Amino acid sequence: METKPLVTFIIPVYNLPVTMLSQCIESIRSLSLGQSEREIIVVDDGSPVPLTSCPSPLTPENGLPWIDEIVYVRQRNGGVSTARNRALALASGSFIQFVDGDDMLIQAPYEHVLDLLRYEHADLVMFSHTDSTEAILTYDDLGPMTGSDLMRKHNIHGAVWGMVFSKHILGQQRFTPGVAYGEDEEFTPQLLLRAEHVFQTTAKAYFYRQHDAQATSGGSTRQAIRRLNDTLGVLCRLNRAAATMPAADRLALQRRTAQLTMDYIYNVMVMTGSRHYLKRKLETLRREGLYPLPDRNYTKKYSWFRKMANSETGLVILMRMLPLFKRER
């Protein structure tokens, strides 16, 4: 009988050097998971040159010992959401871990994450990331708790690569196709609300490779507007979803949506610098019931920003003092 993999690792790639992908896969192979306990799915999202025919193609002859251990899928370019959805349809592991192809898992801290799955019977573990490959071996764990409890009482990091989760809580949930920015912020909180046995650990198990293009204020004006429009769509869908949920889940999702709305207002000011554009978007938020920001003491910074953003005078002051304001998620 075939053994069901414990974890399926999903790696969406686009125009990625094979050497970088190899580092990512080797970080997975270094874990205490036998070949039958792991499944690695690489989805090439329509790279101009397929990984199978690039200067260092995916072949054993190029010194890639992992080539026979992965599932390689190539599709027409549709964005990271469609690539992840494609892999989810193929995944056979008990748990799912997303990894961006230019990032890596850090062995010792991720072993702690695996221990929480194996011995604490978690159905979702959220962990921390770092921009260093050096392993930190001291961890603090919070849990077990439900995802709803976690979201009502604590801040979360929305990136899907910052968690590993049981496939059984996924159900029919998928990423919204066509969303280029903010797709994780839509997916993660709704998945959390399905989880009954959640741990949050400070283990820095994920090496996140920062790029200049990933900066919030980077890119062209067209990219900035696309980012803002996608984020607004995510906020509206989350807010509408919350309205149909039981009370505890609704409060949890409303907290997350309010904090994301704070981020959105901040980004409108930073990325456009336009009071006219800001006014238009605040009216859209008002129609959706997202503005004024709700009077909740989620965090000190949220409370401060809410008081400022909910008044005309405060908005003017914010526009002037943005260089001093650090965004909180």
# chains A, B, ... in the order shown; residues from 1 in each chain; ligands from 1

$ residues_around --residues "segment 244-256 of chain A" --least-positions-apart "6" --cutoff "12 Å" --atoms "only C-alpha atoms" --output "number ranges by chain"
A: 146-158, 185-195, 234-238, 262-263, 289-290, 293-299, 302, 328-329

$ select_by_dssp --residues "segment 172-227 of chain A" --states "alpha helix (DSSP H)" --output "ChimeraX atom specification"
/A:183-192,221-227

$ write_last_selection --atoms "N, CA and C atoms" --output "PDB file, in the first residue's frame"
ATOM      1  N   GLU A 183      -4.155  38.442  -2.411  1.00  0.00           N
ATOM      2  CA  GLU A 183      -4.856  37.159  -2.449  1.00  0.00           C
ATOM      3  C   GLU A 183      -4.669  36.378  -1.142  1.00  0.00           C
ATOM      4  N   ASP A 184      -3.502  36.519  -0.528  1.00  0.00           N
ATOM      5  CA  ASP A 184      -3.260  35.827   0.739  1.00  0.00           C
ATOM      6  C   ASP A 184      -4.154  36.370   1.852  1.00  0.00           C
ATOM      7  N   GLU A 185      -4.355  37.687   1.848  1.00  0.00           N
ATOM      8  CA  GLU A 185      -5.161  38.310   2.907  1.00  0.00           C
ATOM      9  C   GLU A 185      -6.620  37.896   2.826  1.00  0.00           C
ATOM     10  N   GLU A 186      -7.056  37.473   1.664  1.00  0.00           N
ATOM     11  CA  GLU A 186      -8.416  36.958   1.517  1.00  0.00           C
ATOM     12  C   GLU A 186      -8.493  35.488   1.931  1.00  0.00           C
ATOM     13  N   PHE A 187      -7.450  34.738   1.596  1.00  0.00           N
ATOM     14  CA  PHE A 187      -7.448  33.296   1.825  1.00  0.00           C
ATOM     15  C   PHE A 187      -7.208  32.937   3.289  1.00  0.00           C
ATOM     16  N   THR A 188      -6.190  33.533   3.902  1.00  0.00           N
ATOM     17  CA  THR A 188      -5.731  33.100   5.226  1.00  0.00           C
ATOM     18  C   THR A 188      -6.771  33.241   6.331  1.00  0.00           C
ATOM     19  N   PRO A 189      -7.411  34.397   6.504  1.00  0.00           N
ATOM     20  CA  PRO A 189      -8.360  34.495   7.623  1.00  0.00           C
ATOM     21  C   PRO A 189      -9.551  33.563   7.478  1.00  0.00           C
ATOM     22  N   GLN A 190     -10.023  33.348   6.262  1.00  0.00           N
ATOM     23  CA  GLN A 190     -11.157  32.448   6.077  1.00  0.00           C
ATOM     24  C   GLN A 190     -10.764  30.997   6.345  1.00  0.00           C
ATOM     25  N   LEU A 191      -9.525  30.639   5.993  1.00  0.00           N
ATOM     26  CA  LEU A 191      -9.043  29.301   6.319  1.00  0.00           C
ATOM     27  C   LEU A 191      -8.910  29.135   7.831  1.00  0.00           C
ATOM     28  N   LEU A 192      -8.385  30.150   8.501  1.00  0.00           N
ATOM     29  CA  LEU A 192      -8.217  30.084   9.956  1.00  0.00           C
ATOM     30  C   LEU A 192      -9.542  29.817  10.669  1.00  0.00           C
ATOM     31  N   THR A 221       2.821  53.740 -11.465  1.00  0.00           N
ATOM     32  CA  THR A 221       1.515  54.205 -11.005  1.00  0.00           C
ATOM     33  C   THR A 221       0.439  53.182 -11.346  1.00  0.00           C
ATOM     34  N   ARG A 222       0.552  52.577 -12.526  1.00  0.00           N
ATOM     35  CA  ARG A 222      -0.432  51.558 -12.916  1.00  0.00           C
ATOM     36  C   ARG A 222      -0.408  50.378 -11.957  1.00  0.00           C
ATOM     37  N   GLN A 223       0.783  49.937 -11.564  1.00  0.00           N
ATOM     38  CA  GLN A 223       0.890  48.839 -10.610  1.00  0.00           C
ATOM     39  C   GLN A 223       0.314  49.228  -9.257  1.00  0.00           C
ATOM     40  N   ALA A 224       0.566  50.475  -8.848  1.00  0.00           N
ATOM     41  CA  ALA A 224       0.042  50.942  -7.560  1.00  0.00           C
ATOM     42  C   ALA A 224      -1.482  50.926  -7.558  1.00  0.00           C
ATOM     43  N   ILE A 225      -2.083  51.409  -8.637  1.00  0.00           N
ATOM     44  CA  ILE A 225      -3.550  51.430  -8.718  1.00  0.00           C
ATOM     45  C   ILE A 225      -4.095  50.012  -8.767  1.00  0.00           C
ATOM     46  N   ARG A 226      -3.419  49.111  -9.483  1.00  0.00           N
ATOM     47  CA  ARG A 226      -3.848  47.711  -9.529  1.00  0.00           C
ATOM     48  C   ARG A 226      -3.798  47.102  -8.128  1.00  0.00           C
ATOM     49  N   ARG A 227      -2.740  47.385  -7.398  1.00  0.00           N
ATOM     50  CA  ARG A 227      -2.610  46.873  -6.033  1.00  0.00           C
ATOM     51  C   ARG A 227      -3.746  47.381  -5.153  1.00  0.00           C
TER      52      ARG A 227
END

$ closest_residue --among "A:Ala243, A:Val198, A:Met321, A:Val268" --to "Thr231 of chain A" --atoms "only C-alpha atoms"
A:Val268

$ select_by_dssp --residues "segment 16-120 of chain A" --states "strand (DSSP E)" --output "number ranges by chain"
A: 38-45, 70-75, 95-98, 104-105

$ residues_around --residues "Arg29 of chain A" --least-positions-apart "3" --cutoff "12 Å" --atoms "only C-alpha atoms" --output "count of residues only"
25

$ atom_distance --atom1 "atom CA of Pro109 of chain A" --atom2 "atom CA of Leu21 of chain A"
20.6 Å

$ closest_residue --among "A:Met126, A:Ile136, A:Ile317, A:Leu88" --to "Ala159 of chain A" --atoms "only C-alpha atoms"
A:Met126

$ residues_around --residues "segment 48-64 of chain A" --least-positions-apart "2" --cutoff "10 Å" --atoms "only C-alpha atoms" --output "ChimeraX atom specification"
/A:13-19,21-22,25-26,44-46,66-68,72,74-77

$ write_last_selection --atoms "C-alpha atoms" --output "CSV table (one decimal), in the first residue's frame"
chain,number,residue,atom,x,y,z
A,13,VAL,CA,7.2,29.8,-10.0
A,14,TYR,CA,7.5,32.3,-12.8
A,15,ASN,CA,10.7,33.0,-14.7
A,16,LEU,CA,12.8,31.7,-11.8
A,17,PRO,CA,16.4,30.6,-12.1
A,18,VAL,CA,16.8,26.9,-11.7
A,19,THR,CA,19.6,27.5,-9.1
A,21,LEU,CA,14.4,26.7,-7.3
A,22,SER,CA,17.0,24.1,-6.4
A,25,ILE,CA,13.7,22.3,-3.0
A,26,GLU,CA,16.9,21.2,-1.2
A,44,ASP,CA,5.4,26.8,-13.7
A,45,ASP,CA,3.0,29.7,-14.3
A,46,GLY,CA,3.8,30.2,-18.0
A,66,TRP,CA,15.5,16.0,-6.7
A,67,ILE,CA,14.1,16.0,-10.3
A,68,ASP,CA,12.5,12.6,-10.0
A,72,TYR,CA,6.2,19.5,-12.4
A,74,ARG,CA,3.4,23.9,-16.6
A,75,GLN,CA,0.3,26.1,-17.3
A,76,ARG,CA,-0.6,29.2,-19.3
A,77,ASN,CA,0.2,32.3,-17.3

$ residues_around --residues "His112 of chain A" --least-positions-apart "2" --cutoff "12 Å" --atoms "only C-alpha atoms" --output "PDB file with C-alpha atoms, in the first residue's frame"
ATOM      1  CA  LEU A  31      13.758  18.008   6.553  1.00  0.00           C
ATOM      2  CA  SER A  32      13.092  14.847   8.561  1.00  0.00           C
ATOM      3  CA  LEU A 105      12.522  26.672   4.719  1.00  0.00           C
ATOM      4  CA  ILE A 106      14.966  26.776   7.629  1.00  0.00           C
ATOM      5  CA  GLN A 107      15.513  23.245   8.848  1.00  0.00           C
ATOM      6  CA  ALA A 108      15.668  23.352  12.673  1.00  0.00           C
ATOM      7  CA  PRO A 109      12.782  25.796  13.260  1.00  0.00           C
ATOM      8  CA  TYR A 110      10.632  24.023  10.672  1.00  0.00           C
ATOM      9  CA  LEU A 114       6.489  19.512  12.113  1.00  0.00           C
ATOM     10  CA  ASP A 115       6.610  18.380  15.744  1.00  0.00           C
ATOM     11  CA  LEU A 116       3.500  20.458  16.462  1.00  0.00           C
ATOM     12  CA  LEU A 117       1.744  18.641  13.633  1.00  0.00           C
ATOM     13  CA  ARG A 118       2.925  15.201  14.711  1.00  0.00           C
ATOM     14  CA  TYR A 119       2.672  15.352  18.487  1.00  0.00           C
ATOM     15  CA  GLU A 120       0.219  18.154  19.276  1.00  0.00           C
ATOM     16  CA  VAL A 125       0.419  26.027  12.616  1.00  0.00           C
ATOM     17  CA  MET A 126       1.407  29.645  12.005  1.00  0.00           C
ATOM     18  CA  PHE A 127       5.117  30.435  12.223  1.00  0.00           C
ATOM     19  CA  SER A 128       7.478  33.363  11.763  1.00  0.00           C
ATOM     20  CA  ALA A 135      18.525  29.204  12.570  1.00  0.00           C
ATOM     21  CA  ILE A 136      17.269  30.529  15.925  1.00  0.00           C
ATOM     22  CA  LEU A 137      16.573  27.618  18.251  1.00  0.00           C
ATOM     23  CA  THR A 138      14.375  29.155  20.943  1.00  0.00           C
ATOM     24  CA  TYR A 139      10.627  29.249  20.371  1.00  0.00           C
ATOM     25  CA  ASP A 140       7.489  30.305  22.189  1.00  0.00           C
ATOM     26  CA  ASP A 141       4.243  28.570  21.290  1.00  0.00           C
ATOM     27  CA  PHE A 199      -0.807  26.836  17.242  1.00  0.00           C
ATOM     28  CA  GLN A 200       1.106  30.057  16.696  1.00  0.00           C
ATOM     29  CA  THR A 201       4.868  29.776  17.197  1.00  0.00           C
ATOM     30  CA  THR A 202       7.706  32.290  17.132  1.00  0.00           C
ATOM     31  CA  ALA A 203       9.893  29.740  15.314  1.00  0.00           C
ATOM     32  CA  LYS A 204      11.491  31.604  12.390  1.00  0.00           C
ATOM     33  CA  ALA A 205      11.065  28.721   9.994  1.00  0.00           C
TER      34      ALA A 205
END

$ closest_residue --among "A:Thr257, A:Leu90, A:Leu6, A:Lys279" --to "Ala241 of chain A" --atoms "only C-alpha atoms"
A:Thr257

$ atom_distance --atom1 "atom CA of Val73 of chain A" --atom2 "atom CA of Pro12 of chain A"
9.6 Å

$ residues_around --residues "Asn310 of chain A" --least-positions-apart "2" --cutoff "8 Å" --atoms "only C-alpha atoms" --output "MDAnalysis selection string"
chainID A and resid 291:293 306:308 312 314:315

$ decode --residues "segment 138-150 of chain A" --atoms "N, CA and C atoms" --output "CSV table (one decimal), in the first residue's frame"
chain,number,residue,atom,x,y,z
A,138,THR,N,15.3,29.0,19.8
A,138,THR,CA,14.4,29.2,20.9
A,138,THR,C,13.0,29.6,20.4
A,139,TYR,N,12.0,29.0,20.9
A,139,TYR,CA,10.6,29.2,20.4
A,139,TYR,C,9.6,29.4,21.5
A,140,ASP,N,8.6,30.2,21.3
A,140,ASP,CA,7.5,30.3,22.2
A,140,ASP,C,6.3,29.9,21.4
A,141,ASP,N,5.4,29.0,22.0
A,141,ASP,CA,4.2,28.6,21.3
A,141,ASP,C,3.0,29.1,22.0
A,142,LEU,N,2.0,29.4,21.2
A,142,LEU,CA,0.7,29.8,21.7
A,142,LEU,C,-0.3,28.9,21.2
A,143,GLY,N,-1.1,28.2,22.1
A,143,GLY,CA,-2.1,27.3,21.6
A,143,GLY,C,-2.1,26.1,22.5
A,144,PRO,N,-3.0,25.1,22.3
A,144,PRO,CA,-4.0,25.2,21.1
A,144,PRO,C,-5.1,26.1,21.4
A,145,MET,N,-5.7,26.6,20.3
A,145,MET,CA,-6.9,27.4,20.3
A,145,MET,C,-7.6,27.3,18.9
A,146,THR,N,-8.8,27.8,18.8
A,146,THR,CA,-9.4,27.8,17.5
A,146,THR,C,-8.9,29.0,16.7
A,147,GLY,N,-9.0,28.9,15.4
A,147,GLY,CA,-8.6,30.0,14.6
A,147,GLY,C,-9.4,31.3,14.9
A,148,SER,N,-10.7,31.1,15.2
A,148,SER,CA,-11.5,32.2,15.6
A,148,SER,C,-11.0,32.9,16.8
A,149,ASP,N,-10.7,32.1,17.9
A,149,ASP,CA,-10.1,32.7,19.1
A,149,ASP,C,-8.8,33.5,18.8
A,150,LEU,N,-7.9,32.9,18.0
A,150,LEU,CA,-6.7,33.5,17.6
A,150,LEU,C,-6.9,34.9,17.0
